[in-house]
Every structure is written in structure tokens, then in C-alpha cells.
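To be precise, the following lines are target31.txt, and they hold compact mmCIF, C-alpha atoms.
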# COMPACT_ATOMS: atom_id res chain seq x y z
CA MET A 272 91.39 96.75 110.42
CA LYS A 273 89.33 94.28 108.41
CA ILE A 274 91.08 92.76 105.43
CA LYS A 275 89.12 93.52 102.27
CA ILE A 276 88.80 91.49 99.10
CA GLU A 277 88.28 93.17 95.74
CA ILE A 278 87.23 90.94 92.84
CA CYS A 279 88.06 91.88 89.28
CA THR A 280 84.98 91.13 87.15
CA GLY A 281 84.47 91.29 83.40
CA SER A 282 80.87 90.18 82.94
CA VAL A 283 77.41 90.22 84.50
CA GLU A 284 77.85 86.62 85.69
CA SER A 285 81.15 87.44 87.37
CA VAL A 286 79.62 90.47 89.12
CA LEU A 287 76.84 88.30 90.56
CA ALA A 288 79.34 85.59 91.56
CA ALA A 289 81.52 88.12 93.39
CA LYS A 290 78.53 89.38 95.34
CA LYS A 291 77.32 85.87 96.15
CA GLY A 292 80.77 84.89 97.38
CA GLY A 293 80.92 87.83 99.79
CA ALA A 294 83.43 90.16 98.12
CA ASP A 295 83.80 93.59 99.67
CA ARG A 296 84.13 95.39 96.33
CA ILE A 297 84.45 94.75 92.61
CA GLU A 298 86.57 96.29 89.94
CA LEU A 299 84.38 96.31 86.84
CA CYS A 300 86.14 95.79 83.50
CA SER A 301 85.81 94.24 80.10
CA ALA A 302 88.36 92.20 78.12
CA LEU A 303 90.20 90.74 81.10
CA VAL A 304 92.36 88.71 78.72
CA LEU A 305 93.88 92.06 77.68
CA GLY A 306 94.46 93.14 81.26
CA GLY A 307 91.07 94.85 81.45
CA LEU A 308 89.45 97.69 79.51
CA THR A 309 86.64 100.13 80.29
CA PRO A 310 83.29 98.30 80.50
CA SER A 311 80.13 99.37 78.67
CA GLN A 312 77.70 101.85 80.16
CA SER A 313 75.04 99.13 80.42
CA LEU A 314 77.37 96.84 82.38
CA MET A 315 78.23 99.73 84.71
CA GLU A 316 74.58 100.45 85.36
CA TYR A 317 73.71 96.79 85.93
CA ALA A 318 76.54 96.20 88.38
CA ILE A 319 75.88 99.37 90.33
CA THR A 320 72.09 99.48 90.46
CA LYS A 321 71.04 95.83 90.24
CA ALA A 322 73.89 93.80 91.67
CA GLY A 323 74.22 96.17 94.62
CA ILE A 324 77.92 95.80 95.43
CA GLU A 325 80.47 98.58 95.79
CA THR A 326 81.79 99.10 92.28
CA PHE A 327 84.98 100.71 91.00
CA VAL A 328 85.03 101.14 87.22
CA LEU A 329 88.21 100.65 85.22
CA ILE A 330 89.04 103.62 82.99
CA ARG A 331 91.41 102.24 80.38
CA PRO A 332 90.61 102.93 76.71
CA ARG A 333 92.90 100.31 75.16
CA ASN A 334 95.41 97.62 75.99
CA GLY A 335 99.13 98.22 75.91
CA ASP A 336 101.14 100.90 77.68
CA PHE A 337 99.73 103.75 79.75
CA HIS A 338 100.80 106.81 77.76
CA TYR A 339 97.72 108.05 75.95
CA THR A 340 97.07 110.29 72.98
CA ARG A 341 94.92 113.41 73.23
CA ALA A 342 91.98 111.54 71.66
CA GLU A 343 92.34 108.62 74.10
CA TYR A 344 92.50 111.08 76.98
CA GLU A 345 89.22 112.66 75.88
CA ILE A 346 87.62 109.21 75.79
CA MET A 347 88.84 108.56 79.33
CA LYS A 348 87.25 111.79 80.54
CA SER A 349 83.97 110.87 78.89
CA ASP A 350 84.04 107.41 80.47
CA ILE A 351 84.61 108.98 83.89
CA PHE A 352 81.47 111.09 83.44
CA THR A 353 79.58 107.92 82.51
CA ALA A 354 80.83 106.04 85.58
CA ARG A 355 79.97 108.92 87.88
CA ALA A 356 76.49 109.27 86.38
CA ALA A 357 75.92 105.55 86.83
CA GLY A 358 76.70 105.88 90.55
CA ALA A 359 80.10 104.18 90.74
CA ALA A 360 81.87 104.39 94.08
CA GLY A 361 85.20 104.91 92.38
CA ILE A 362 87.35 104.56 89.31
CA VAL A 363 90.55 102.66 88.62
CA THR A 364 92.93 104.42 86.25
CA GLY A 365 96.48 105.60 85.67
CA MET A 366 98.65 107.48 83.19
CA LEU A 367 102.40 107.64 82.59
CA ASN A 368 104.70 110.00 80.73
CA THR A 369 106.95 108.58 78.04
CA ASP A 370 109.87 108.51 80.50
CA GLY A 371 107.98 106.21 82.88
CA THR A 372 107.04 108.84 85.44
CA VAL A 373 103.45 109.38 86.60
CA ASP A 374 101.59 111.83 84.36
CA THR A 375 100.58 114.00 87.30
CA CYS A 376 99.34 116.87 85.13
CA ARG A 377 96.65 114.94 83.30
CA MET A 378 95.92 112.71 86.28
CA LYS A 379 94.99 115.82 88.29
CA ASP A 380 92.36 116.67 85.69
CA LEU A 381 90.95 113.13 85.68
CA ILE A 382 90.76 113.07 89.47
CA GLU A 383 89.00 116.42 89.57
CA LEU A 384 86.45 115.15 87.05
CA ALA A 385 85.94 111.95 89.04
CA ARG A 386 85.24 113.42 92.46
CA PRO A 387 83.48 112.60 94.73
CA MET A 388 84.33 109.09 93.51
CA LYS A 389 87.42 107.49 95.01
CA ILE A 390 90.50 106.80 92.91
CA THR A 391 92.64 103.70 92.60
CA PHE A 392 95.86 104.20 90.64
CA HIS A 393 96.15 100.91 88.79
CA ARG A 394 99.04 98.79 87.58
CA ALA A 395 100.44 101.55 85.43
CA PHE A 396 102.37 101.88 88.70
CA ASP A 397 104.13 98.62 87.85
CA LEU A 398 105.48 100.11 84.63
CA SER A 399 106.78 103.28 86.27
CA ASN A 400 110.54 103.88 86.26
CA ASP A 401 110.86 104.47 90.02
CA PRO A 402 108.25 102.92 92.35
CA PHE A 403 109.22 105.07 95.31
CA LYS A 404 108.89 108.35 93.41
CA ALA A 405 105.68 107.05 91.82
CA LEU A 406 104.35 106.28 95.30
CA GLU A 407 104.89 109.86 96.45
CA ASP A 408 103.45 111.27 93.22
CA VAL A 409 100.28 109.22 93.55
CA ILE A 410 99.93 110.18 97.21
CA ASP A 411 100.31 113.86 96.28
CA LEU A 412 97.56 113.42 93.67
CA GLY A 413 95.18 112.39 96.45
CA CYS A 414 94.44 108.86 95.25
CA GLU A 415 93.02 106.49 97.84
CA ARG A 416 94.94 103.37 96.81
CA ILE A 417 97.52 101.83 94.49
CA LEU A 418 96.97 98.46 92.81
CA THR A 419 100.33 96.76 92.27
CA SER A 420 102.09 93.46 91.72
CA GLY A 421 105.25 94.98 93.18
CA GLN A 422 106.60 95.61 89.67
CA ALA A 423 106.87 91.83 89.21
CA GLN A 424 104.97 89.32 87.10
CA ASN A 425 102.61 88.70 90.01
CA ALA A 426 102.12 89.86 93.59
CA PRO A 427 103.78 86.87 95.31
CA ALA A 428 106.89 87.46 93.19
CA GLY A 429 106.79 91.18 94.03
CA SER A 430 106.06 90.73 97.74
CA HIS A 431 109.34 92.31 98.90
CA LEU A 432 108.64 95.60 97.13
CA ILE A 433 104.99 95.50 98.15
CA SER A 434 106.07 95.16 101.78
CA GLU A 435 108.34 98.19 101.41
CA LEU A 436 105.54 100.20 99.82
CA VAL A 437 103.11 99.29 102.60
CA GLN A 438 105.60 100.48 105.21
CA LEU A 439 106.44 103.69 103.36
CA ALA A 440 102.79 104.48 102.64
CA GLY A 441 101.64 104.07 106.22
CA SER A 442 98.19 105.59 106.58
CA ARG A 443 98.68 107.96 103.63
CA ILE A 444 97.42 105.56 100.96
CA ILE A 445 96.28 101.93 100.66
CA ILE A 446 98.64 99.55 98.90
CA MET A 447 96.55 96.76 97.35
CA PRO A 448 98.45 93.75 95.96
CA GLY A 449 97.00 92.26 92.79
CA SER A 450 97.87 89.59 90.18
CA GLY A 451 98.37 85.91 90.84
CA ILE A 452 96.64 85.89 94.23
CA ASN A 453 94.56 82.88 95.23
CA ALA A 454 93.43 80.84 98.24
CA PHE A 455 96.76 79.00 98.33
CA ASN A 456 99.02 82.04 98.68
CA LEU A 457 96.91 84.76 100.34
CA LYS A 458 97.96 83.93 103.90
CA GLN A 459 101.66 83.90 103.09
CA LEU A 460 101.37 87.07 101.02
CA HIS A 461 99.64 88.80 103.93
CA GLN A 462 102.36 87.65 106.32
CA GLN A 463 105.00 89.04 103.96
CA THR A 464 103.36 92.36 103.10
CA LYS A 465 100.86 93.20 105.89
CA ALA A 466 98.59 94.68 103.21
CA LEU A 467 94.94 95.12 104.19
CA GLU A 468 93.31 94.87 100.75
CA TYR A 469 93.81 92.27 98.01
CA HIS A 470 92.72 92.18 94.36
CA LEU A 471 92.04 88.97 92.42
CA SER A 472 89.67 87.43 89.89
CA ALA A 473 88.83 84.15 91.72
CA SER A 474 87.89 82.71 88.34
CA ARG A 475 87.58 79.36 86.62
CA LEU A 476 87.29 78.38 82.97
CA LYS A 477 83.72 77.26 82.47
CA PRO A 478 82.24 75.44 79.46
CA GLY A 479 79.91 77.44 77.27
CA ARG A 480 76.26 76.57 76.66
CA MET A 481 76.50 75.84 72.94
CA HIS A 482 75.70 72.34 71.72
CA PHE A 483 76.74 72.95 68.12
CA ARG A 484 80.42 73.86 67.89
CA ASN A 485 82.56 74.99 64.97
CA ASN A 486 86.10 74.52 66.23
CA THR A 487 87.74 75.72 63.00
CA VAL A 488 87.03 79.41 63.67
CA ASN A 489 88.57 81.73 66.28
CA MET A 490 87.05 85.09 67.13
CA GLY A 491 90.06 86.17 69.17
CA PHE A 492 93.57 84.87 69.65
CA PRO A 493 94.54 81.78 67.59
CA GLY A 494 94.19 78.64 69.67
CA GLU A 495 91.69 80.15 72.10
CA ASP A 496 88.72 77.97 73.02
CA GLU A 497 85.69 79.94 71.83
CA TYR A 498 83.38 77.63 73.78
CA SER A 499 84.82 78.19 77.25
CA ILE A 500 84.36 81.30 79.35
CA ARG A 501 86.49 82.44 82.28
CA GLU A 502 84.16 83.63 85.01
CA THR A 503 84.42 84.50 88.68
CA ASP A 504 83.45 81.50 90.80
CA PRO A 505 81.37 82.26 93.92
CA ASP A 506 82.87 79.31 95.80
CA LEU A 507 86.40 80.58 95.16
CA VAL A 508 85.36 84.05 96.30
CA ALA A 509 83.80 82.61 99.45
CA GLU A 510 86.96 80.63 100.20
CA ILE A 511 89.24 83.62 99.75
CA CYS A 512 86.93 85.73 101.94
CA ARG A 513 86.97 83.01 104.61
CA ILE A 514 90.77 83.02 104.61
CA ALA A 515 90.84 86.82 104.74
CA GLY A 516 88.45 86.71 107.69
CA SER A 517 90.73 84.27 109.55
CA LEU A 518 93.62 86.71 109.13
CA ASN A 519 91.66 89.30 111.08
CA ASP A 520 91.60 87.08 114.16

What would the structure in this file look like if it were written as C-alpha cells?
Amino acid sequence: MKIKIEICTGSVESVLAAKKGGADRIELCSALVLGGLTPSQSLMEYAITKAGIETFVLIRPRNGDFHYTRAEYEIMKSDIFTARAAGAAGIVTGMLNTDGTVDTCRMKDLIELARPMKITFHRAFDLSNDPFKALEDVIDLGCERILTSGQAQNAPAGSHLISELVQLAGSRIIIMPGSGINAFNLKQLHQQTKALEYHLSASRLKPGRMHFRNNTVNMGFPGEDEYSIRETDPDLVAEICRIAGSLND
């Protein structure tokens, strides 16, 4: 089977770069510095209708853990309707109970609302209390894939668990490694895990377009450079896709 590359994008420019570089699919988000949040309706519509690349929309109402209040849950349902109406191919989401198990009850409702879109259970999996039980729970829910770093800081560090998950999952669900993947470690990670899909941002920090700069003010985290933007780089995407293609040979 062909190895697929999914690029995590948080802006219009990154969406276009992912397409130009030859990505198979994008995960569309906002606020990547926070691990990704649900993008705006306008960004969804642009990516899906104008950029013309298979788009999975992140459904995550806030940063932090993955146990949500009733109000947050209602927002997630509304965002799923928006993504489906915009023509998204799928959504990326996940919910946990306070004890670290998969919130199968509310996930069933979200999945039912999302169909016929496909479902990726995201890195809430990495905060679950038992990855092997979580794997079976997500399979039983009918999700198409799990995005995971192998419950480690990044996918290379979690490669042993990812390999186990790939073997246990078989053809029942796709295990997609994500976090810390680049052109330098993809080949080794594939050799270790035998996964067939990989998730990464392929991004660089790019200088902004402003000539006038007030460096005494921060709009976000203290110390952040307000005049640099992290964007997907089409050349990095093309390189990672070239490497993925060579692994098919």
C-alpha cells in the first residue's frame, strides 16, 4: 500500500504549501502553537473548495486536556455540522473521561453526527490511561484511524509502542504516527513501525512582511517573535513525499 503523508496546517498559506508540495491530505487547524484548535468556517471553506486537497478538520474547542464540559461538547457538535456542510472529508477529534479512558458514550454521538465523514481519533489517545484498551475502544467506535506519538513526547521516542499498535490493529484501523517527524527520521520510523500514514507540519519559521516593528509588545506568549510566522514549506513537503515514495519501492 502507498505510504500517505498528512500535513497539519494552520493557515491559508500552509494549506497551499501542503498542496504544492504533494501532500496526500491535510489536517486543518488553528493555533498550532497550542497543539491545534478548531479552524474558522471561512478557513474550512477555503481549504476545501479552493485549495482542492482532501481535508480533515480538527474539532477541538480549547487547548488543555480532552475532558470537556457540556457547553464545550455542544460547541464541538456545532463545529462538526459546519465541517460537514463545508464538504470536509473527515474530522479529527477525541474525548476522554476523567479517569483517562475513552469517552465512548459522547464519542458515539459525535461520530453519528459526523457521518459520512471519516473520523481520526487524535492525540487524546496519548493521554489515555491504557493504550491497548483505548485502541480497542476506538476500533469499536468505528473510527478510521488513530493519530499518536506512542504516548511519548514525539513519535520517534514512542516508536516501540507505535509498532505494537500497528501490529495489534492490523487491518482494523490505521495507526498514524505524528509529532516530531521530519525528512531526517521518516525512513527509520517507518522501518521501526511499518506504519503506512504519517502526520507532520513540515514547517519553517518565516519572517513577516512588516517593515515597521515594535518589539516591546507581545500579542501572545512573552518572548515570542511577533514578526515571524511558522508556515508549512512546500519544499519540505515535497522532500518528505519523495522519501515516502521511495519507501514504497

Could you give me, as JSON lines, a per-residue list for stretch 294-331 of chain A showing, wherever an atom lies at most 12 Å from an atom of stretch 387-390 of chain A, the closest pair of atoms and their distance in Å to one decimal, using only C-alpha atoms and sorting by chain then residue number from low to high?
{"residue": "A:Glu298", "atom": "CA", "partner": "A:Ile390", "partner_atom": "CA", "distance": 11.6}
{"residue": "A:Glu325", "atom": "CA", "partner": "A:Lys389", "partner_atom": "CA", "distance": 11.3}
{"residue": "A:Thr326", "atom": "CA", "partner": "A:Met388", "partner_atom": "CA", "distance": 10.4}
{"residue": "A:Phe327", "atom": "CA", "partner": "A:Lys389", "partner_atom": "CA", "distance": 8.2}
{"residue": "A:Val328", "atom": "CA", "partner": "A:Ile390", "partner_atom": "CA", "distance": 9.7}
{"residue": "A:Leu329", "atom": "CA", "partner": "A:Ile390", "partner_atom": "CA", "distance": 10.1}
{"residue": "A:Ile330", "atom": "CA", "partner": "A:Ile390", "partner_atom": "CA", "distance": 10.5}

(request) Identify, on the basis of only C-alpha atoms, every residue whose closest approach to A:His393 does not exceed 8 Å; exclude the query and any residue fewer than 4 positions from it along the same chain; express the result as a PyMOL selection string. (result) chain A and resi 363-365+417-419

(message) So the first atom is atom CA of A:Ala360 and the second is atom CA of A:Asp380; what is the distance between them in Å, to one decimal place?
(response)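 Atom-to-atom, atom CA of A:Ala360 to atom CA of A:Asp380, that is 18.2 Å.
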
(message) Give me the residues near A:Ser285 as number ranges by chain, where near means some atom within 12 Å (using all atoms listed in the file) and where sequence neighbours in that chain fewer than 2 positions away do not count.
(response) A: 278-283, 287-292, 294, 297-301, 303, 314, 318, 322, 472-477, 500-508

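Atom CA of A:Lys273 is found 13.7 Å from atom CA of A:Gly293.
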
(message) Env of stretch 394-400 of chain A: 12 Å cut, atoms = only C-alpha atoms, seq-sep filter 4 positions within chain, self excluded. Answer as a ChimeraX atom specification.
(response) /A:306-307,329-331,334-339,363-374,404-409,416-426,429,432-433,436,446-450,470

(message) For a test of reading the model, state the distance in Å between atom CA of A:Leu381 and atom CA of A:Ala357, rounded to one decimal.
(response)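 Distance reported for this atom pair: 16.9 Å.
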
(message) Ranking A:Thr375, A:Thr320, A:Gln438, A:Thr309 by minimum distance to A:Met347 and counting all atoms listed in the file, which one comes first?
(response) A:Thr309

(message) Ranking A:Met378, A:Ala515, A:Ile319, A:Ile276 by minimum distance to A:Phe455 and counting only C-alpha atoms, which one comes first?
(response)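 Ranking A:Met378, A:Ala515, A:Ile319, A:Ile276 by distance to A:Phe455, first place goes to A:Ala515.
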
(message) Using all atoms listed in the file for the distances, tell me which of A:Thr464, A:Gly479, A:Asn456, A:Glu277 is nearest to A:Thr391.
(response)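 Nearest to A:Thr391: A:Glu277.
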
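Each of A:Ile410, A:Ala359, A:Ala428, A:Leu467 was compared to A:Gly516 using only C-alpha atoms, and A:Leu467 turns out to be the nearest.
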
Residue contacts of A:Tyr498 (12 Å, all atoms listed in the file) excluding same-chain residues fewer than 2 positions away, as a PDB file with C-alpha atoms, in the coordinates of the input:
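File produced: out-v6.pdb:
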ATOM      1  CA  LEU A 476      87.290  78.380  82.970  1.00  0.00           C
ATOM      2  CA  LYS A 477      83.720  77.260  82.470  1.00  0.00           C
ATOM      3  CA  PRO A 478      82.240  75.440  79.460  1.00  0.00           C
ATOM      4  CA  GLY A 479      79.910  77.440  77.270  1.00  0.00           C
ATOM      5  CA  ARG A 480      76.260  76.570  76.660  1.00  0.00           C
ATOM      6  CA  MET A 481      76.500  75.840  72.940  1.00  0.00           C
ATOM      7  CA  HIS A 482      75.700  72.340  71.720  1.00  0.00           C
ATOM      8  CA  PHE A 483      76.740  72.950  68.120  1.00  0.00           C
ATOM      9  CA  ARG A 484      80.420  73.860  67.890  1.00  0.00           C
ATOM     10  CA  ASN A 485      82.560  74.990  64.970  1.00  0.00           C
ATOM     11  CA  ASN A 486      86.100  74.520  66.230  1.00  0.00           C
ATOM     12  CA  THR A 487      87.740  75.720  63.000  1.00  0.00           C
ATOM     13  CA  VAL A 488      87.030  79.410  63.670  1.00  0.00           C
ATOM     14  CA  ASN A 489      88.570  81.730  66.280  1.00  0.00           C
ATOM     15  CA  MET A 490      87.050  85.090  67.130  1.00  0.00           C
ATOM     16  CA  GLY A 491      90.060  86.170  69.170  1.00  0.00           C
ATOM     17  CA  GLY A 494      94.190  78.640  69.670  1.00  0.00           C
ATOM     18  CA  GLU A 495      91.690  80.150  72.100  1.00  0.00           C
ATOM     19  CA  ASP A 496      88.720  77.970  73.020  1.00  0.00           C
ATOM     20  CA  ILE A 500      84.360  81.300  79.350  1.00  0.00           C
ATOM     21  CA  ARG A 501      86.490  82.440  82.280  1.00  0.00           C
TER      22      ARG A 501
END

Using all atoms of stretch 374-393 of chain A that appear in the file, construct an axis-aligned enclosing box with 4 Å of padding on every side and provide its centre coordinates and edge lengths in Å, rounded to one decimal, as JSON.
{"center_x": 92.5, "center_y": 108.9, "center_z": 89.2, "size_x": 26.1, "size_y": 24.0, "size_z": 19.7}

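Using all atoms listed in the file, the residues found no farther than 6 Å from A:Ile444, other than those of its own chain fewer than 2 positions away, are Glu415, Arg416, Ala440 and Ser442 of chain A.
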
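Using only C-alpha atoms, the shortest contact distance between A:Lys379 and any of A:Ile274, A:Ile514, A:Ile445, A:Leu412 is found at A:Leu412.
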
(message) Calculated over only C-alpha atoms, which of the candidates A:Met315, A:Cys512, A:Ala342, A:Ala466 has the smallest distance to A:Gly441?
(response)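 Checking each of A:Met315, A:Cys512, A:Ala342, A:Ala466 against A:Gly441, counting only C-alpha atoms, the winner is A:Ala466.
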